[in-house]
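Chemist: Provided herewith: coords_19.txt, compact mmCIF, C-alpha atoms.
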# COMPACT_ATOMS: atom_id res chain seq x y z
CA MET Y 1398 -129.96 -115.60 -168.01
CA PRO Y 1399 -131.76 -113.86 -170.88
CA GLU Y 1400 -132.40 -110.15 -170.59
CA GLY Y 1401 -136.10 -110.66 -169.92
CA HIS Y 1402 -135.28 -112.58 -166.76
CA ASP Y 1403 -133.07 -109.78 -165.51
CA THR Y 1404 -135.88 -107.29 -166.01
CA ILE Y 1405 -138.36 -109.41 -164.11
CA PHE Y 1406 -135.93 -110.11 -161.28
CA ARG Y 1407 -134.92 -106.46 -161.04
CA THR Y 1408 -138.52 -105.38 -161.01
CA LEU Y 1409 -139.54 -107.81 -158.30
CA ALA Y 1410 -136.40 -107.25 -156.22
CA ASP Y 1411 -138.07 -104.16 -154.77
CA PRO Y 1412 -140.18 -105.22 -151.77
CA THR Y 1413 -142.89 -102.60 -152.37
CA ARG Y 1414 -143.31 -103.65 -156.00
CA ARG Y 1415 -143.29 -107.28 -155.00
CA ALA Y 1416 -146.03 -106.63 -152.43
CA LEU Y 1417 -148.12 -104.76 -155.01
CA PHE Y 1418 -147.71 -107.57 -157.52
CA GLU Y 1419 -148.55 -110.25 -154.97
CA ARG Y 1420 -151.64 -108.30 -153.92
CA LEU Y 1421 -152.81 -108.07 -157.53
CA CYS Y 1422 -152.22 -111.81 -157.99
CA ARG Y 1423 -154.19 -112.57 -154.85
CA GLU Y 1424 -157.04 -110.08 -155.04
CA GLY Y 1425 -157.49 -109.48 -158.76
CA GLU Y 1426 -157.96 -106.08 -160.37
CA GLN Y 1427 -157.52 -103.04 -158.11
CA THR Y 1428 -157.51 -99.27 -158.46
CA VAL Y 1429 -154.41 -97.25 -157.63
CA GLY Y 1430 -156.33 -95.80 -154.69
CA ALA Y 1431 -157.15 -99.21 -153.24
CA LEU Y 1432 -153.55 -100.37 -153.68
CA THR Y 1433 -152.24 -97.21 -151.99
CA THR Y 1434 -154.30 -97.98 -148.89
CA TYR Y 1435 -152.27 -101.12 -148.31
CA ALA Y 1436 -148.91 -100.16 -149.78
CA GLY Y 1437 -147.69 -97.92 -146.97
CA VAL Y 1438 -146.30 -95.39 -149.44
CA SER Y 1439 -147.80 -92.36 -151.22
CA GLN Y 1440 -150.10 -92.66 -154.24
CA PRO Y 1441 -147.50 -91.11 -156.62
CA ALA Y 1442 -145.00 -93.69 -155.37
CA VAL Y 1443 -147.51 -96.50 -155.94
CA SER Y 1444 -148.22 -95.17 -159.45
CA LYS Y 1445 -144.50 -95.10 -160.20
CA HIS Y 1446 -144.03 -98.69 -158.99
CA LEU Y 1447 -147.03 -99.81 -161.04
CA GLY Y 1448 -145.45 -98.15 -164.09
CA VAL Y 1449 -142.29 -100.20 -163.58
CA LEU Y 1450 -144.33 -103.38 -163.16
CA ARG Y 1451 -146.22 -102.55 -166.36
CA GLN Y 1452 -143.01 -101.99 -168.32
CA ALA Y 1453 -141.79 -105.39 -167.18
CA GLY Y 1454 -145.03 -106.90 -168.48
CA LEU Y 1455 -146.07 -108.03 -165.00
CA VAL Y 1456 -149.26 -105.95 -164.78
CA ARG Y 1457 -151.68 -104.39 -167.21
CA ASP Y 1458 -153.69 -101.20 -166.75
CA ARG Y 1459 -157.21 -100.30 -167.76
CA HIS Y 1460 -158.57 -96.77 -167.72
CA GLU Y 1461 -162.17 -96.20 -166.71
CA GLY Y 1462 -163.22 -92.60 -166.27
CA ARG Y 1463 -160.64 -90.96 -164.03
CA GLN Y 1464 -159.67 -94.26 -162.42
CA THR Y 1465 -156.88 -96.56 -163.52
CA HIS Y 1466 -157.37 -100.21 -162.70
CA TYR Y 1467 -154.42 -102.60 -162.51
CA SER Y 1468 -154.37 -106.37 -162.78
CA ALA Y 1469 -151.59 -108.98 -162.66
CA ARG Y 1470 -150.24 -110.80 -165.69
CA PRO Y 1471 -148.84 -113.89 -163.99
CA GLY Y 1472 -148.04 -115.42 -167.37
CA ALA Y 1473 -145.15 -112.96 -167.52
CA LEU Y 1474 -143.47 -115.07 -164.83
CA ALA Y 1475 -143.27 -118.16 -167.00
CA PRO Y 1476 -139.71 -117.43 -168.24
CA LEU Y 1477 -138.54 -117.32 -164.63
CA VAL Y 1478 -139.37 -120.90 -163.90
CA ASP Y 1479 -137.56 -122.26 -166.98
CA TRP Y 1480 -134.20 -122.69 -165.25
CA THR Y 1481 -135.98 -124.16 -162.27
CA ARG Y 1482 -137.90 -126.58 -164.49
CA ARG Y 1483 -134.76 -127.64 -166.34
CA MET Y 1484 -132.80 -128.33 -163.16
CA ALA Y 1485 -135.80 -129.96 -161.52
CA GLY Y 1486 -135.98 -132.31 -164.52
CA PHE Y 1487 -132.29 -133.15 -164.10
CA TRP Y 1488 -132.74 -134.01 -160.43
CA GLU Y 1489 -135.94 -136.01 -161.06
CA ASP Y 1490 -133.96 -138.13 -163.57
CA ARG Y 1491 -131.08 -138.55 -161.10
CA PHE Y 1492 -133.52 -139.55 -158.36
CA ASP Y 1493 -134.95 -142.20 -160.71
CA ALA Y 1494 -131.42 -143.59 -161.13
CA LEU Y 1495 -130.84 -143.35 -157.38
CA GLU Y 1496 -133.98 -145.36 -156.66
CA ASP Y 1497 -132.85 -148.03 -159.14
CA LEU Y 1498 -129.56 -148.21 -157.26
CA LEU Y 1499 -131.25 -148.32 -153.84
CA ASN Y 1500 -133.42 -151.22 -154.98
CA ARG Y 1501 -130.33 -153.09 -156.14
CA MET Y 1502 -128.61 -152.37 -152.82
CA ASP Y 1503 -131.57 -154.13 -151.15
CA GLN Y 1504 -130.75 -157.40 -152.79
CA MET S 909 -133.42 -106.35 -151.32
CA ASN S 910 -130.70 -105.35 -153.77
CA LEU S 911 -130.05 -106.33 -157.35
CA ALA S 912 -127.52 -109.01 -156.47
CA ALA S 913 -130.10 -110.78 -154.37
CA ALA S 914 -132.40 -110.87 -157.36
CA GLU S 915 -129.95 -112.94 -159.39
CA THR S 916 -130.23 -116.08 -157.32
CA ARG S 917 -132.17 -119.05 -158.55
CA THR S 918 -133.18 -122.09 -156.57
CA VAL S 919 -134.62 -125.43 -157.48
CA VAL S 920 -136.00 -127.93 -154.98
CA VAL S 921 -136.90 -131.54 -155.70
CA GLU S 922 -138.30 -133.83 -153.02
CA ARG S 923 -139.12 -137.50 -153.14
CA ASP S 924 -140.32 -140.06 -150.62
CA MET S 925 -138.27 -143.21 -150.94
CA PRO S 926 -139.06 -146.55 -149.28
CA HIS S 927 -135.52 -146.93 -147.98
CA PRO S 928 -133.93 -146.07 -144.63
CA PRO S 929 -131.85 -142.86 -144.40
CA GLU S 930 -128.68 -144.87 -143.75
CA ARG S 931 -128.91 -146.63 -147.11
CA ILE S 932 -129.60 -143.40 -148.99
CA TRP S 933 -126.72 -141.75 -147.14
CA ARG S 934 -124.37 -144.44 -148.45
CA ALA S 935 -125.59 -143.85 -151.99
CA LEU S 936 -124.94 -140.11 -151.54
CA THR S 937 -121.45 -140.43 -150.05
CA GLN S 938 -119.67 -143.52 -151.39
CA PRO S 939 -117.88 -142.70 -154.67
CA HIS S 940 -118.65 -145.97 -156.45
CA LEU S 941 -122.33 -145.60 -155.53
CA ILE S 942 -122.45 -141.89 -156.45
CA ALA S 943 -121.06 -142.88 -159.85
CA GLU S 944 -124.02 -145.20 -160.40
CA TRP S 945 -126.74 -142.58 -160.09
CA LEU S 946 -125.04 -139.20 -160.49
CA MET S 947 -121.57 -138.93 -162.04
CA LYS S 948 -118.04 -140.27 -161.81
CA ASN S 949 -116.29 -138.57 -158.91
CA ASP S 950 -113.52 -138.48 -156.31
CA PHE S 951 -115.83 -137.51 -153.47
CA GLU S 952 -114.94 -137.83 -149.79
CA PRO S 953 -117.39 -136.97 -147.02
CA ALA S 954 -115.14 -134.37 -145.38
CA VAL S 955 -115.85 -130.66 -145.15
CA GLY S 956 -113.38 -128.76 -147.31
CA HIS S 957 -112.64 -131.72 -149.58
CA ARG S 958 -112.45 -130.64 -153.21
CA PHE S 959 -113.60 -133.04 -155.88
CA ASN S 960 -114.86 -133.29 -159.42
CA LEU S 961 -118.02 -134.68 -160.89
CA SER S 962 -117.43 -135.83 -164.45
CA GLY S 963 -120.46 -135.91 -166.69
CA GLU S 964 -121.01 -138.30 -169.56
CA TRP S 965 -121.12 -135.26 -171.86
CA GLY S 966 -117.45 -134.57 -171.05
CA GLY S 967 -118.09 -131.65 -168.73
CA VAL S 968 -116.39 -131.53 -165.34
CA LEU S 969 -117.95 -129.88 -162.31
CA ASP S 970 -115.75 -128.36 -159.61
CA CYS S 971 -117.07 -129.16 -156.17
CA GLU S 972 -116.14 -128.57 -152.53
CA VAL S 973 -117.82 -130.22 -149.58
CA LEU S 974 -119.51 -127.60 -147.40
CA ALA S 975 -121.47 -129.66 -144.88
CA VAL S 976 -121.59 -133.28 -143.75
CA GLU S 977 -124.05 -134.41 -141.12
CA PRO S 978 -124.22 -138.19 -141.45
CA GLY S 979 -127.67 -139.48 -142.30
CA LYS S 980 -129.11 -135.97 -142.40
CA THR S 981 -127.43 -133.31 -144.51
CA LEU S 982 -124.84 -133.13 -147.27
CA ALA S 983 -123.92 -129.94 -149.09
CA TYR S 984 -121.34 -129.16 -151.73
CA THR S 985 -120.61 -126.51 -154.28
CA TRP S 986 -121.52 -127.36 -157.87
CA ASN S 987 -119.55 -125.08 -160.13
CA PHE S 988 -119.04 -125.20 -163.85
CA ALA S 989 -116.40 -122.76 -165.00
CA HIS S 990 -116.96 -121.37 -168.46
CA GLU S 991 -115.64 -118.27 -170.24
CA ASP S 992 -119.10 -117.51 -171.52
CA GLU S 993 -121.13 -116.14 -168.63
CA ALA S 994 -124.24 -117.78 -170.02
CA TYR S 995 -122.76 -121.21 -169.30
CA ASP S 996 -120.79 -120.34 -166.17
CA LEU S 997 -122.52 -121.76 -163.15
CA ARG S 998 -121.84 -121.28 -159.46
CA SER S 999 -124.23 -123.13 -157.27
CA VAL S 1000 -124.63 -125.06 -154.05
CA VAL S 1001 -126.36 -128.41 -153.87
CA THR S 1002 -127.80 -129.50 -150.53
CA PHE S 1003 -129.25 -132.93 -149.83
CA THR S 1004 -131.49 -133.31 -146.80
CA LEU S 1005 -132.74 -136.66 -145.48
CA ALA S 1006 -135.71 -136.86 -143.15
CA PRO S 1007 -137.04 -140.17 -141.81
CA THR S 1008 -140.69 -140.92 -142.61
CA ALA S 1009 -143.04 -143.72 -141.61
CA GLY S 1010 -142.27 -145.60 -144.84
CA GLY S 1011 -138.64 -144.67 -145.32
CA THR S 1012 -137.04 -141.33 -146.11
CA ARG S 1013 -137.98 -138.05 -147.65
CA LEU S 1014 -135.02 -136.98 -149.76
CA ARG S 1015 -134.81 -133.34 -150.70
CA VAL S 1016 -132.27 -131.73 -152.99
CA GLU S 1017 -131.95 -128.00 -153.24
CA GLN S 1018 -129.75 -126.38 -155.85
CA ALA S 1019 -129.17 -122.69 -155.47
CA GLY S 1020 -127.41 -120.98 -158.34
CA PHE S 1021 -126.07 -117.52 -158.66
CA ARG S 1022 -123.84 -115.43 -160.86
CA PRO S 1023 -120.13 -115.40 -159.98
CA GLN S 1024 -119.86 -111.66 -159.49
CA GLN S 1025 -122.68 -111.73 -156.98
CA ARG S 1026 -121.32 -114.63 -155.04
CA GLN S 1027 -120.67 -112.71 -151.85
CA ALA S 1028 -124.24 -111.49 -151.73
CA TYR S 1029 -125.61 -114.96 -151.99
CA GLY S 1030 -125.86 -116.00 -148.36
CA GLY S 1031 -128.21 -113.30 -147.21
CA ALA S 1032 -130.32 -113.41 -150.30
CA ARG S 1033 -131.18 -117.03 -150.31
CA ALA S 1034 -134.00 -117.54 -147.86
CA GLY S 1035 -136.24 -114.77 -149.08
CA TRP S 1036 -135.96 -115.61 -152.74
CA GLN S 1037 -136.54 -119.27 -152.28
CA GLN S 1038 -139.81 -118.61 -150.51
CA PHE S 1039 -140.72 -116.04 -153.08
CA LEU S 1040 -139.98 -118.30 -156.04
CA GLU S 1041 -141.94 -121.10 -154.46
CA ARG S 1042 -144.92 -118.77 -154.21
CA LEU S 1043 -144.33 -117.67 -157.80
CA GLU S 1044 -144.48 -121.28 -158.90
CA HIS S 1045 -147.90 -121.59 -157.27
CA VAL S 1046 -149.05 -118.39 -158.94
CA VAL S 1047 -147.84 -119.61 -162.32
CA ALA S 1048 -149.43 -123.02 -161.81
CA ARG S 1049 -152.79 -121.45 -160.93
CA ALA S 1050 -152.60 -119.00 -163.82
CA GLY S 1051 -151.59 -121.72 -166.28
What does the file become when written as structure tokens?

Modeler:
Amino acid sequence: MPEGHDTIFRTLADPTRRALFERLCREGEQTVGALTTYAGVSQPAVSKHLGVLRQAGLVRDRHEGRQTHYSARPGALAPLVDWTRRMAGFWEDRFDALEDLLNRMDQ
Amino acid sequence: MNLAAAETRTVVVERDMPHPPERIWRALTQPHLIAEWLMKNDFEPAVGHRFNLSGEWGGVLDCEVLAVEPGKTLAYTWNFAHEDEAYDLRSVVTFTLAPTAGGTRLRVEQAGFRPQQRQAYGGARAGWQQFLERLEHVVARAG
């Protein structure tokens, strides 16, 4: 697995970070304050987690006055599904061959 | 969840087939039939049986039967030993057959993981599979 995958997996292996990321995917852009309300951990902890997510390329931040707004970058997940896509393609091909066989078994 | 859990990867493919589960089960468990759609093999439907799947590319997979529930579930390891970690694969393939109105829904799940994290695999699996499935939806929507 390329290094980028490891970073993404490591980053999302933490349940709090995963919950923050999922919330951003679901609800769109949020302030740190709004995210803290739901995170169940302190604001500094939320900020730290968001920093890790940002370093992994999973979220982006936008400063507006004294507020920092965060939003998800779901495109960063694309490398993760590569292995899945490759193996899914393999099994789809095998299933095609299996169906050919099953049809011949009919006869 | 720890780091080891994060290394697992799972792929699921499902297909509705207009054939009864019994016929599909034969195709999944009889060596000469397996050879026709998957790979040459010395498979036997007995838990603990070790066998090889030989690919047309010359590669040989080391397999061990983990579960046999006739007409319903078949699981075996799907390992490809390689000195280079990038090519080394340890995984488990599970076939599940469910009867439908028009035949059978066949599902294959392949869960792969790195050798050094093998022992952590069992507990890690359920959570990550669900999570990756959700990720796929997220990626699909974002795409």

Chemist: Return the single residue from Y:Gly1486, Y:Asp1458, Y:Glu1424, Y:Gly1437 that is closest to chain S, with distances computed using only C-alpha atoms.

Modeler: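 Smallest distance to chain S is found for Y:Gly1486.
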
Chemist: For Gly1472 of chain Y, which residue out of Y:Ala1485, Y:Cys1422, Y:Leu1499, Y:Val1449 is the nearest one, using only C-alpha atoms?

Modeler: Y:Cys1422

Chemist: Go through Y:Leu1447, Y:Leu1417, Y:Ala1431, Y:Leu1495 and flag the residue nearest chain S, using all atoms listed in the file for the distances.

Modeler: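 Under the stated criterion, the closest residue is Y:Leu1495.
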
Chemist: By how many Å are atom CA of Cys971 of chain S and atom CA of Ala954 of chain S apart?

Modeler: 12.1 Å

Chemist: Would you list the residues near (-117.5, -126.2, -159.4), meaning any protein, DNA or RNA residue with an atom at most 8 Å from that point in file coordinates, counting all atoms listed in the file, as a list in words?

Modeler: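 So the residues meeting the distance criterion are Asn960, Leu969, Asp970, Cys971, Glu972, Thr985, Trp986, Asn987, Phe988, Ala989, Leu997, Arg998 and Ser999 of chain S.
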
Chemist: Tell me which protein, DNA and RNA residues are within 10 Å of Lys980 of chain S, counting all atoms listed in the file, leaving out same-chain ones fewer than 5 positions away, and put them as a list of chain:residue names.

Modeler: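 What passes the distance filter is S:Pro929, S:Glu930, S:Ile932, S:Trp933, S:Phe1003, S:Thr1004, S:Leu1005, S:Ala1006, S:Pro1007, S:Leu1014.
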
Chemist: Residues at most 10 Å from Gly1454 of chain Y, counting only C-alpha atoms, excluding those fewer than 5 positions away in the same chain, as a count of residues only?

Modeler: 11

Chemist: Write out as a ChimeraX atom specification the residues lying within 8 Å of Leu982 of chain S, counting only C-alpha atoms and excluding same-chain residues fewer than 4 positions away.

Modeler: /S:973-978,1002-1004

Chemist: What's the separation between atom CA of Asn1500 of chain Y and atom CA of Leu936 of chain S, in Å to one decimal place?

Modeler: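 Here the two named atoms are 14.4 Å from each other.
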
Chemist: In Å, rounded to a single decimal, give me how far atom CA of Asp1497 of chain Y is from atom CA of Pro926 of chain S.

Modeler: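 It comes out at 11.7 Å.
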
Chemist: Need to verify the contact set: Arg1482 of chain Y, 10 Å, all atoms listed in the file, exclusion of same-chain residues closer than 5 positions in sequence. Can you return it as a PDB file with C-alpha atoms, in the coordinates of the input?

Modeler:
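result37.pdb, freshly written:
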ATOM      1  CA  LEU Y1477    -138.540-117.320-164.630  1.00  0.00           C
ATOM      2  CA  PHE Y1487    -132.290-133.150-164.100  1.00  0.00           C
ATOM      3  CA  TRP Y1488    -132.740-134.010-160.430  1.00  0.00           C
TER       4      TRP Y1488
ATOM      5  CA  VAL S 919    -134.620-125.430-157.480  1.00  0.00           C
ATOM      6  CA  VAL S 920    -136.000-127.930-154.980  1.00  0.00           C
TER       7      VAL S 920
END

Chemist: Please enclose the listed atoms of segment 965-979 of chain S in an axis-aligned box, pad each side by 4 Å, and write out the centre and the three edge lengths in Å, rounded to one decimal, as AutoDock Vina command-line options.

Modeler:
--center_x -121.7 --center_y -133.5 --center_z -156.5 --size_x 19.9 --size_y 19.9 --size_z 38.7

Chemist: Starting from the incomplete input, reconstruct N, CA and C atoms of segment 1409-1436 of chain Y and write that as a short mmCIF file (atom, residue, chain, number, x, y, z; two decimals), keeping the file's coordinate frame.

Modeler:
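Generated output (part-v1.cif):
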data_model
loop_
_atom_site.label_atom_id
_atom_site.label_comp_id
_atom_site.auth_asym_id
_atom_site.auth_seq_id
_atom_site.Cartn_x
_atom_site.Cartn_y
_atom_site.Cartn_z
N LEU Y 1409 -138.96 -107.20 -159.50
CA LEU Y 1409 -139.54 -107.81 -158.30
C LEU Y 1409 -138.58 -107.79 -157.11
N ALA Y 1410 -137.35 -107.32 -157.33
CA ALA Y 1410 -136.40 -107.25 -156.22
C ALA Y 1410 -136.81 -106.17 -155.22
N ASP Y 1411 -137.61 -105.22 -155.67
CA ASP Y 1411 -138.07 -104.16 -154.77
C ASP Y 1411 -139.26 -104.67 -153.94
N PRO Y 1412 -139.14 -104.62 -152.61
CA PRO Y 1412 -140.18 -105.22 -151.77
C PRO Y 1412 -141.56 -104.58 -151.95
N THR Y 1413 -141.59 -103.26 -152.19
CA THR Y 1413 -142.89 -102.60 -152.37
C THR Y 1413 -143.56 -103.09 -153.66
N ARG Y 1414 -142.75 -103.16 -154.72
CA ARG Y 1414 -143.31 -103.65 -156.00
C ARG Y 1414 -143.76 -105.10 -155.88
N ARG Y 1415 -142.95 -105.86 -155.16
CA ARG Y 1415 -143.29 -107.28 -155.00
C ARG Y 1415 -144.62 -107.41 -154.26
N ALA Y 1416 -144.78 -106.58 -153.21
CA ALA Y 1416 -146.03 -106.63 -152.43
C ALA Y 1416 -147.21 -106.22 -153.30
N LEU Y 1417 -147.04 -105.20 -154.12
CA LEU Y 1417 -148.12 -104.76 -155.01
C LEU Y 1417 -148.50 -105.88 -155.98
N PHE Y 1418 -147.47 -106.50 -156.55
CA PHE Y 1418 -147.71 -107.57 -157.52
C PHE Y 1418 -148.42 -108.77 -156.86
N GLU Y 1419 -147.93 -109.12 -155.68
CA GLU Y 1419 -148.55 -110.25 -154.97
C GLU Y 1419 -150.01 -109.95 -154.64
N ARG Y 1420 -150.27 -108.68 -154.26
CA ARG Y 1420 -151.64 -108.30 -153.92
C ARG Y 1420 -152.55 -108.42 -155.15
N LEU Y 1421 -152.02 -107.98 -156.29
CA LEU Y 1421 -152.81 -108.07 -157.53
C LEU Y 1421 -153.05 -109.53 -157.93
N CYS Y 1422 -152.05 -110.38 -157.69
CA CYS Y 1422 -152.22 -111.81 -157.99
C CYS Y 1422 -153.30 -112.41 -157.11
N ARG Y 1423 -153.29 -111.99 -155.85
CA ARG Y 1423 -154.19 -112.57 -154.85
C ARG Y 1423 -155.61 -112.05 -154.99
N GLU Y 1424 -155.72 -110.72 -155.16
CA GLU Y 1424 -157.04 -110.08 -155.04
C GLU Y 1424 -157.66 -109.72 -156.38
N GLY Y 1425 -156.94 -109.88 -157.46
CA GLY Y 1425 -157.49 -109.48 -158.76
C GLY Y 1425 -157.35 -107.97 -158.97
N GLU Y 1426 -158.11 -107.48 -159.94
CA GLU Y 1426 -157.96 -106.08 -160.37
C GLU Y 1426 -158.24 -105.09 -159.23
N GLN Y 1427 -157.41 -104.05 -159.16
CA GLN Y 1427 -157.52 -103.04 -158.11
C GLN Y 1427 -157.25 -101.66 -158.70
N THR Y 1428 -157.85 -100.64 -158.07
CA THR Y 1428 -157.51 -99.27 -158.46
C THR Y 1428 -156.24 -98.84 -157.75
N VAL Y 1429 -155.61 -97.79 -158.27
CA VAL Y 1429 -154.41 -97.25 -157.63
C VAL Y 1429 -154.73 -96.84 -156.20
N GLY Y 1430 -155.92 -96.24 -156.02
CA GLY Y 1430 -156.33 -95.80 -154.69
C GLY Y 1430 -156.40 -96.96 -153.70
N ALA Y 1431 -157.02 -98.05 -154.12
CA ALA Y 1431 -157.15 -99.21 -153.24
C ALA Y 1431 -155.78 -99.79 -152.91
N LEU Y 1432 -154.90 -99.83 -153.91
CA LEU Y 1432 -153.55 -100.37 -153.68
C LEU Y 1432 -152.76 -99.48 -152.73
N THR Y 1433 -152.97 -98.15 -152.85
CA THR Y 1433 -152.24 -97.21 -151.99
C THR Y 1433 -152.59 -97.43 -150.53
N THR Y 1434 -153.85 -97.76 -150.27
CA THR Y 1434 -154.30 -97.98 -148.89
C THR Y 1434 -153.43 -99.02 -148.18
N TYR Y 1435 -153.01 -100.03 -148.93
CA TYR Y 1435 -152.27 -101.12 -148.31
C TYR Y 1435 -150.75 -101.01 -148.48
N ALA Y 1436 -150.32 -100.15 -149.40
CA ALA Y 1436 -148.91 -100.16 -149.78
C ALA Y 1436 -147.99 -99.52 -148.74
#
